[in-house]
Amino acid sequence: MNIRDNLMLAAGKVKARGKRAMIVPLIFILLTSLLAVLNVINAPSVIDKIIISENSNRLSEPLDPSEYMEADVTFLLDRDGGSSLYYAGIDQKVSCVEVSFNAPLEKDTDIQLVYRLSKKDVAGGATDTVLKKGERALTFLVPERVYEQYRVDISDETLTPVLSVSDEYSIVYREGITYDAFLFALILDLVFIVGWLLWIVAGNKCSVRLDIKRVCRNVGVVLAAIAVSAGAEWIISRIIGADFIVFRWAFIAAALLVVLALIKFRGNAEKLFLAISLTVGLMMAIVFPIGQVTWDEVVHHFYAVKQSYFGDAYVTMAERNAGSIAQEDYFDSDTRKPLVDEKNAEYALGYDNMWHKNYLRSYINVGHMPSGLFLYIGRAMGLPFSLLFIFGRFANVLVYALIVYFAIRKLKTGKYILAVIALMPTALFLASNYGYDYWVTAFMMLGFVYYFDELRRPQERLQLKNLLIMVGSFVLALGPKPIYFPLLCILYFIGKQKFETQRLHRLYIVFVTLAMLFAVMSFVLPYLLSTGGLEGDVRGGGDVNTAEQIKYILAHPLEYAQTLWEFTKLYFSFSYLSGTITFFAYLDFGFSATIPFVLLFLVVFTDRDEIDRLNTGIRVKSYVTLACLFTMILVFTCLYITYTPLGLKEINGVQPRYILPVAFPFLMVLGSSRIRNTMNKILYSELVFGIMSFVLMCTVWYACVGRYT
């Protein structure tokens with residue numbers, strides 16, 4: 001059958017469904033159109049011009065850089081060919097900074113303003129923009145504070161700006177509307193329609209039947225649990241003589257809903273996982289402080305904001321300074337409300353800057369797209385910044401929970417191995433904040449689940465649907481972290497007997513190879529196309545030199561092998577890997593990691609059946625283990641090159657969480673099919689999920705909720 005015949009067949013299927021096939025897309029288009037209109041109405045206004053007060057204070061000439069910003073790093077501006085100038089602040093509050101030049105500029109110039117409360121304050125703030133040719137000044141809004149110092153980065157080293165600061169300014173807003181929200185809605189419509197047509201062509205039903213009574217009953221139970229928990233928090237706050245704390249209320253509600261889920265879904269691994277991960281994950285997204293909670297969360301929020309627009313992103317002062325709220329101030333009820341009110345006011349002030357969107361990074365930023373979509377919806381709802389930030393986190397929880405749910409449902413055995421890994425407090429912590437680790441882990445799990453399912457059916461043909469889901473999951477997982485590409489090598493070990501002809505097997509090999517090359521090139525091309533050559537991560541320090549580090553490894557292979565061996569032993573120790581279990585980054589450790597670690601060990605050897613003999617044999621163990629080990633060694637080497645100072649006898653920057661994407665495949669082949677679990681399945685399920693729920697809730701309490709006052 002040729003392409004034309006396939007298209008005709010597809011058109012016939014769509015036509016056969018008639019009007020029913022068009023209802024859902026029409027409803028979706030109406031909803032996205034409504035969202036676009038609400039975005040225009042409810043989103044902050046665009047600032048056209050900021051006029052600083054005539055009574056502003058002009059700062060002194062640039063000072064010796066050795067006396068300022070001793071712990072500072074470059075944020076957003078490429079300093080190659082540019083310069084950094086330092087200025088001392090004044091002893092009064094400042095909310096507006098003007099950077100001006102003596103004459104109009106002869107070309108577009110990148111400018112970044114860095115402002116610091118004190119010399120050693122590296123958590124201050126920064127904002128950057130482009131001053132267009134012919135202009136001579138631009139004005140930045142900053143949080144109203146007393147700043148001890150400023151730094152101005154300029155892409156043209158021949159220019160020396162004059163800084164003026166003040167706490168008074170006026171704003172001129174841009175008239176008219178922007179059409180970005182409608183373009184964003186159009187993209188959503190196109191993606192949905194294509195997906196809907198593929199769904200129908202695949203022979204699936206175009207209607208969904210809902211049990212209204214069951215839905216209403218479940219919603220009623222959830223609302224009742226929320227109401228009961230509110231009463232419980234009111235009683236607790238009166239007993240201990242404290243204020244009613246919303247975050248503690250959310251924790252109590254989650255605990256009650258988890259207990260109800262353990263009762264209702266007992267024995268059903270996938271439904272238990274979905275209920276617990278959604279309940280606890282959404283609660284975590286609510287109770288965690290706004291700003292820098294997990295690793296580089298402010299940077300990931302920055303990319304999520306970019307993905308919430310079709311074109312260049314409009315940003316407010318609150319979004320530019322999302323990480324400026326100190327955790328201890330957020331936990332304290334006396335300082336939390338003023339800080340939140342200030343952020344909401346900064347957001348309502350309007351868009352004062354734009355972030356350029358690079359469409360070539362779309363594949364790399366695919367993990368930020370769900371958060372971007374929710375930020376888009378949140379703006380349409382008119383949410384203040386404090387709620388918008390939390391609402392964006394919800395997307396990651398939903399995607400993580402749903403992807404892993406479908407993975408667990410697909411498994412015949414190993415359901416509890418996957419569930420325990422996915423419910424590790426650190427894994428769910430990553431999914432309830434801005435980032436892409438959740439995306440990599442979830443889609444890796446789904447891809448490996450489909451792979452192991454094919455190994456268990458060696459005589460059955462590999463269906464096109466399963467092939468696309470399996471390879472597609474790996475490709476999606478590798479977008480943000482292509483360094484894991486060696487894991488795709490296991491796909492070459494699917495036997496020829498899974499294909500009807502040798503030609504189809506060869507096509508499969510080509511398809512897998514192209515998928516791997518696509519992922520690898522997304523990792524390599526940025527280095528090859530970089531005008532600055534091989535650059536290291538500035539967070540590793542000034543002694544990082546990627547090119548020289550590669551030369552060092554090639555010149556001293558045995559010395560590097562020794563360094564790699566010593567670090568590998570350290571990394572795979574319990575003390576190091578405990579950071580994968582109950583570690584909450586900047587919130588520190590919560591509950592003990594021993595209990596979930598022991599539970600995982602027991603589940604690996606008890607969640608087995610006779611069918612596992614096909615994916616726990618020596619051959620499968622060997623190549624899966626080698627693929628996982630080689631991948632981790634590649635991760636170590638990459639960070640040694642890009643993050644570790646030249647010639648150092650240790651490897652910096654390797655986080656324990658980097659093992660999460662390879663944990664499931666390694667542990668899945670570790671056990672034996674000869675072990676028989678004779679325990680009652682419902683009791684086994686309740687024990688596994690009950691223990692993980694207990695560990696999750698204790699970790700959240702110790703690391704976060706228990707610190708609120």
# chains A, B, ... in the order shown; residues from 1 in each chain; ligands from 1

call {"tool": "select_by_dssp", "arguments": {"residues": "region 128-361 of chain A", "states": "strand (DSSP E)", "output": "NGL selection string"}}
result
:A and (128-131 or 137-145 or 149-154 or 162-166 or 169-173 or 313-316 or 351-355)

call {"tool": "residues_around", "arguments": {"residues": "region 358-372 of chain A", "least_positions_apart": "2", "cutoff": "8 Å", "atoms": "only C-alpha atoms", "output": "ChimeraX atom specification"}}
result
/A:300,303-309,356,374-376,392-396,399,434-436,439-440,476,479-481,522

call {"tool": "atom_distance", "arguments": {"atom1": "CA of Ala442 (chain A)", "atom2": "CA of Ala422 (chain A)"}}
result
8.1 Å

call {"tool": "select_by_dssp", "arguments": {"residues": "region 41-216 of chain A", "states": "alpha helix (DSSP H)", "output": "VMD selection string"}}
result
chain A and resid 41 to 42 180 to 201 212 to 216

call {"tool": "closest_atom_pairs", "arguments": {"of": "region 120-222 of chain A", "to": "region 39-53 of chain A", "cutoff": "6 Å", "atoms": "only C-alpha atoms", "output": "tab-separated table"}}
result
residue	atom	partner	partner_atom	distance
A:Glu168	CA	A:Ser53	CA	5.4
A:Tyr169	CA	A:Ile52	CA	4.4
A:Ser170	CA	A:Ile51	CA	5.2
A:Ile171	CA	A:Ile50	CA	4.8
A:Val172	CA	A:Lys49	CA	5.1
A:Tyr173	CA	A:Ile47	CA	4.4
A:Arg174	CA	A:Asp48	CA	4.8

call {"tool": "residues_around", "arguments": {"residues": "Ile263 (chain A)", "least_positions_apart": "2", "cutoff": "12 Å", "atoms": "only C-alpha atoms", "output": "PyMOL selection string"}}
result
chain A and resi 256-261+265-268+271-272+275-276+682-683+685-687+689-690
